[in-house]
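Some notes on the structure that comes next.
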Amino acid sequence: MGVYRKQIQIVGDILYAAEELTIDQNGASITNLIQKANISHSRISKILTNLVSQGLLEQIDSKRACKYKISMTGKNFLREYRTFSEFTDNFGLTI
Amino acid sequence: MEFLLENILNLVGFIIGIIIGVFAYVGYKNTGSPVLFRLTIAFIAIGIGFGIIWTGYLIDDVFLQEGKINRGLQALGLGIQTIGYFFIAFSHTIKSFFPKSRYFRSVGILPLFVLSSMNIEHIIRSFSFILLVYGAIETFVSFLEGKQKGALAVGTGLALLAFGEFIAWYSLVFPESILYSVSILLKISGLISLFLPISRLPLRKIKLDNLDEDEDEKIDK
């Protein structure tokens, strides 16, 4: 049986994917993020807009397509997300 | 001896409850997770509950010197603790605990009141025991699924608290025996076990100014 991810888990997965894919500083394309975070295109578009407006992701305009890079705030958020995710895991709960 | 152990137990419970509660609150503020909000209420309530009983013992020790705590104060403290245990159980979706049949539901709860009709303190203890057992079972199930060592420690902690609560209730049958002291020691061990995995997490000051609640709601849309 499939397990549904909560909204915050999806955000965590997108930020994690963005962090993994932005090591070279060029940013990650939407296709990369879709594959890495395992999310549909229609859903990720809305979430990416929100994450950019909140300063968790930075949008980079490239010649071919939009790319996304994790910001410092995003990195901090991801670190805290992992900490508190581990905290809830200890109680047998999901964040 | 019992008086000293009670003081230690309630002080430890107060400190651990408040630390875990504050940590969960910081997590809730930073992530907006409802699970962390429930854990905040749970552990702040547990901490306050222990704190009230500890204050009761302190008042008796310093001012009244009767050698026993005010029953009303103890019932209040235990009641607030039970609210905390309820929120831990509630986080595991408490609906799965109760049988679906209305008949079984009424029969299932009946022995609780038959056994604990002596006074409100015992009814509260019975509720605490059931909620703690439920929380322990659910946490152990999560451990079996995820093999997280932290979940094993928390599950053991909740189980020890439940067992301690049961022994405390059972010690009413044998009032002058060692049972009550054993129950207090079990509860102290349970609280320490509960705190162990949390103590490994970085308990530093965490704040994200850019994330307020309105912005969290935007993500939810």
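Each chain in the structure tokens gets a letter, A, B, ..., in the order shown, and its residues are numbered from 1; ligands are numbered from 1 in order too.
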Discussion item. Let's see if you can do this: from backbone DSSP, list all strand (DSSP E or B) residues in chain A, as a ChimeraX atom specification.
Written reply: /A:28-29,57-61,66-70
Worksheet item: Neighbours of segment 40-57 of chain B within 7 Å (only C-alpha atoms; same-chain residues fewer than 3 positions away dropped), as a ChimeraX atom specification?
Response: /B:7,10-11,13-18,20-22,24-25,36-37,60-61,69-70,73-74,77-78,80-81,83-85,87-88
Write out, as a PDB file, in the first residue's frame, the residues just selected, with N, CA and C atoms.
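Result file selection_5.pdb:
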```pdb
ATOM      1  N   ASN B   7       9.714  13.318  45.310  1.00  0.00           N
ATOM      2  CA  ASN B   7      10.282  14.627  44.983  1.00  0.00           C
ATOM      3  C   ASN B   7      11.187  14.542  43.759  1.00  0.00           C
ATOM      4  N   ASN B  10       9.137  13.767  40.494  1.00  0.00           N
ATOM      5  CA  ASN B  10       8.368  14.901  39.978  1.00  0.00           C
ATOM      6  C   ASN B  10       9.260  16.013  39.450  1.00  0.00           C
ATOM      7  N   LEU B  11      10.420  16.198  40.084  1.00  0.00           N
ATOM      8  CA  LEU B  11      11.365  17.203  39.584  1.00  0.00           C
ATOM      9  C   LEU B  11      11.915  16.776  38.227  1.00  0.00           C
ATOM     10  N   GLY B  13      10.545  14.675  36.112  1.00  0.00           N
ATOM     11  CA  GLY B  13       9.430  14.741  35.160  1.00  0.00           C
ATOM     12  C   GLY B  13       9.174  16.160  34.694  1.00  0.00           C
ATOM     13  N   PHE B  14       9.236  17.095  35.626  1.00  0.00           N
ATOM     14  CA  PHE B  14       9.018  18.507  35.299  1.00  0.00           C
ATOM     15  C   PHE B  14      10.088  19.000  34.318  1.00  0.00           C
ATOM     16  N   ILE B  15      11.359  18.722  34.639  1.00  0.00           N
ATOM     17  CA  ILE B  15      12.468  19.205  33.802  1.00  0.00           C
ATOM     18  C   ILE B  15      12.413  18.576  32.406  1.00  0.00           C
ATOM     19  N   ILE B  16      12.283  17.240  32.368  1.00  0.00           N
ATOM     20  CA  ILE B  16      12.282  16.544  31.068  1.00  0.00           C
ATOM     21  C   ILE B  16      11.070  16.960  30.230  1.00  0.00           C
ATOM     22  N   GLY B  17       9.919  17.046  30.863  1.00  0.00           N
ATOM     23  CA  GLY B  17       8.701  17.443  30.147  1.00  0.00           C
ATOM     24  C   GLY B  17       8.837  18.810  29.510  1.00  0.00           C
ATOM     25  N   ILE B  18       9.350  19.756  30.296  1.00  0.00           N
ATOM     26  CA  ILE B  18       9.478  21.130  29.777  1.00  0.00           C
ATOM     27  C   ILE B  18      10.538  21.194  28.660  1.00  0.00           C
ATOM     28  N   ILE B  20      11.553  18.792  26.545  1.00  0.00           N
ATOM     29  CA  ILE B  20      11.036  18.181  25.307  1.00  0.00           C
ATOM     30  C   ILE B  20       9.923  19.062  24.721  1.00  0.00           C
ATOM     31  N   GLY B  21       9.091  19.611  25.598  1.00  0.00           N
ATOM     32  CA  GLY B  21       8.001  20.481  25.145  1.00  0.00           C
ATOM     33  C   GLY B  21       8.506  21.712  24.420  1.00  0.00           C
ATOM     34  N   VAL B  22       9.514  22.352  24.988  1.00  0.00           N
ATOM     35  CA  VAL B  22      10.083  23.560  24.361  1.00  0.00           C
ATOM     36  C   VAL B  22      10.733  23.202  23.022  1.00  0.00           C
ATOM     37  N   ALA B  24       9.932  20.727  21.054  1.00  0.00           N
ATOM     38  CA  ALA B  24       8.839  20.469  20.093  1.00  0.00           C
ATOM     39  C   ALA B  24       8.217  21.791  19.637  1.00  0.00           C
ATOM     40  N   TYR B  25       8.117  22.752  20.558  1.00  0.00           N
ATOM     41  CA  TYR B  25       7.528  24.057  20.212  1.00  0.00           C
ATOM     42  C   TYR B  25       8.403  24.796  19.191  1.00  0.00           C
ATOM     43  N   LEU B  36       4.168  18.252  15.648  1.00  0.00           N
ATOM     44  CA  LEU B  36       5.030  18.906  16.642  1.00  0.00           C
ATOM     45  C   LEU B  36       4.200  19.760  17.599  1.00  0.00           C
ATOM     46  N   PHE B  37       3.104  20.316  17.092  1.00  0.00           N
ATOM     47  CA  PHE B  37       2.215  21.107  17.954  1.00  0.00           C
ATOM     48  C   PHE B  37       1.576  20.211  19.018  1.00  0.00           C
ATOM     49  N   ASP B  60       4.378  21.015  51.265  1.00  0.00           N
ATOM     50  CA  ASP B  60       4.213  20.202  52.469  1.00  0.00           C
ATOM     51  C   ASP B  60       5.521  20.110  53.256  1.00  0.00           C
ATOM     52  N   ASP B  61       6.622  19.963  52.513  1.00  0.00           N
ATOM     53  CA  ASP B  61       7.932  19.811  53.146  1.00  0.00           C
ATOM     54  C   ASP B  61       8.357  21.079  53.884  1.00  0.00           C
ATOM     55  N   ILE B  69       0.951  14.857  50.533  1.00  0.00           N
ATOM     56  CA  ILE B  69       0.575  15.941  49.620  1.00  0.00           C
ATOM     57  C   ILE B  69      -0.935  16.166  49.655  1.00  0.00           C
ATOM     58  N   ASN B  70      -1.342  17.396  49.389  1.00  0.00           N
ATOM     59  CA  ASN B  70      -2.769  17.711  49.279  1.00  0.00           C
ATOM     60  C   ASN B  70      -3.379  16.889  48.138  1.00  0.00           C
ATOM     61  N   LEU B  73      -4.419  18.751  44.923  1.00  0.00           N
ATOM     62  CA  LEU B  73      -3.268  19.176  44.129  1.00  0.00           C
ATOM     63  C   LEU B  73      -2.701  17.991  43.334  1.00  0.00           C
ATOM     64  N   GLN B  74      -2.649  16.836  44.005  1.00  0.00           N
ATOM     65  CA  GLN B  74      -2.135  15.638  43.331  1.00  0.00           C
ATOM     66  C   GLN B  74      -3.058  15.234  42.182  1.00  0.00           C
ATOM     67  N   GLY B  77      -2.475  17.617  39.299  1.00  0.00           N
ATOM     68  CA  GLY B  77      -1.215  17.309  38.605  1.00  0.00           C
ATOM     69  C   GLY B  77      -1.343  16.060  37.744  1.00  0.00           C
ATOM     70  N   LEU B  78      -1.947  15.018  38.310  1.00  0.00           N
ATOM     71  CA  LEU B  78      -2.116  13.764  37.555  1.00  0.00           C
ATOM     72  C   LEU B  78      -3.037  13.986  36.356  1.00  0.00           C
ATOM     73  N   ILE B  80      -3.494  16.775  34.637  1.00  0.00           N
ATOM     74  CA  ILE B  80      -2.780  17.505  33.569  1.00  0.00           C
ATOM     75  C   ILE B  80      -1.792  16.575  32.857  1.00  0.00           C
ATOM     76  N   GLN B  81      -1.139  15.700  33.626  1.00  0.00           N
ATOM     77  CA  GLN B  81      -0.249  14.708  33.001  1.00  0.00           C
ATOM     78  C   GLN B  81      -1.024  13.820  32.029  1.00  0.00           C
ATOM     79  N   ILE B  83      -3.642  14.544  30.361  1.00  0.00           N
ATOM     80  CA  ILE B  83      -3.912  15.299  29.122  1.00  0.00           C
ATOM     81  C   ILE B  83      -2.694  15.169  28.193  1.00  0.00           C
ATOM     82  N   GLY B  84      -1.501  15.265  28.787  1.00  0.00           N
ATOM     83  CA  GLY B  84      -0.268  15.102  28.003  1.00  0.00           C
ATOM     84  C   GLY B  84      -0.184  13.726  27.371  1.00  0.00           C
ATOM     85  N   TYR B  85      -0.466  12.684  28.151  1.00  0.00           N
ATOM     86  CA  TYR B  85      -0.426  11.316  27.613  1.00  0.00           C
ATOM     87  C   TYR B  85      -1.475  11.141  26.527  1.00  0.00           C
ATOM     88  N   PHE B  87      -2.456  13.425  24.418  1.00  0.00           N
ATOM     89  CA  PHE B  87      -1.989  14.028  23.173  1.00  0.00           C
ATOM     90  C   PHE B  87      -0.899  13.187  22.498  1.00  0.00           C
ATOM     91  N   ILE B  88      -0.117  12.456  23.279  1.00  0.00           N
ATOM     92  CA  ILE B  88       0.848  11.528  22.663  1.00  0.00           C
ATOM     93  C   ILE B  88       0.077  10.431  21.941  1.00  0.00           C
TER      94      ILE B  88
END
```
Discussion item. Nearest residue to chain A out of B:Leu172, B:Leu144, B:Val62, B:Leu76, using only C-alpha atoms?
Written reply: B:Leu144
Fill in: Ala28 of chain A environment, 7 Å, only C-alpha atoms, sequence neighbours closer than 5 positions dropped, as a PyMOL selection string
chain A and resi 18+21-22+33+67-69
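Set the cut-off at 6 Å, count only C-alpha atoms, and the residues of chain A near chain B turn out to be Phe84, Asn90, Phe91, Gly92 and Ile95 of chain A.
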Selection from above, N, CA and C atoms, as a PDB file, in the first residue's frame, can you write it?
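Generated output (again_26.pdb):
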```pdb
ATOM      1  N   PHE A  84      13.997  17.978  13.279  1.00  0.00           N
ATOM      2  CA  PHE A  84      12.676  17.756  13.866  1.00  0.00           C
ATOM      3  C   PHE A  84      11.988  16.523  13.276  1.00  0.00           C
ATOM      4  N   ASN A  90      11.459   9.536  16.455  1.00  0.00           N
ATOM      5  CA  ASN A  90      11.709   8.886  17.744  1.00  0.00           C
ATOM      6  C   ASN A  90      10.424   8.532  18.472  1.00  0.00           C
ATOM      7  N   PHE A  91       9.361   9.263  18.174  1.00  0.00           N
ATOM      8  CA  PHE A  91       8.066   8.973  18.800  1.00  0.00           C
ATOM      9  C   PHE A  91       7.209   8.072  17.922  1.00  0.00           C
ATOM     10  N   GLY A  92       7.812   7.587  16.841  1.00  0.00           N
ATOM     11  CA  GLY A  92       7.075   6.735  15.916  1.00  0.00           C
ATOM     12  C   GLY A  92       6.068   7.540  15.115  1.00  0.00           C
ATOM     13  N   ILE A  95       6.597  13.774  10.768  1.00  0.00           N
ATOM     14  CA  ILE A  95       6.521  15.231  10.953  1.00  0.00           C
ATOM     15  C   ILE A  95       5.348  15.857  10.187  1.00  0.00           C
TER      16      ILE A  95
END
```
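With only C-alpha atoms as the atoms that count, the residue of B:Arg38, B:Phe129, B:Lys29, B:Leu161 with the shortest distance to Thr88 of chain A is B:Arg38.
Near segment 35-51 of chain A, within 6 Å and counting only C-alpha atoms, sit Asp13, Ile14, Ala17, Leu56 and Leu57 of chain A, not including residues fewer than 4 positions from it in the same chain.
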Resulting file, chosen residues, C-alpha atoms, as a PDB file, in the first residue's frame:
```pdb
ATOM      1  CA  ASP A  13      12.116  16.378  -0.442  1.00  0.00           C
ATOM      2  CA  ILE A  14      12.205  19.254  -2.973  1.00  0.00           C
ATOM      3  CA  ALA A  17      16.749  17.491  -4.140  1.00  0.00           C
ATOM      4  CA  LEU A  56      13.870  29.055   0.440  1.00  0.00           C
ATOM      5  CA  LEU A  57      14.789  28.603  -3.217  1.00  0.00           C
TER       6      LEU A  57
END
```
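Going from atom CA of Ser85 of chain A to atom CA of Leu160 of chain B covers 24.5 Å.
The interatomic distance for the pair atom CA of Thr156 of chain B and atom CA of His122 of chain B works out to 23.4 Å.
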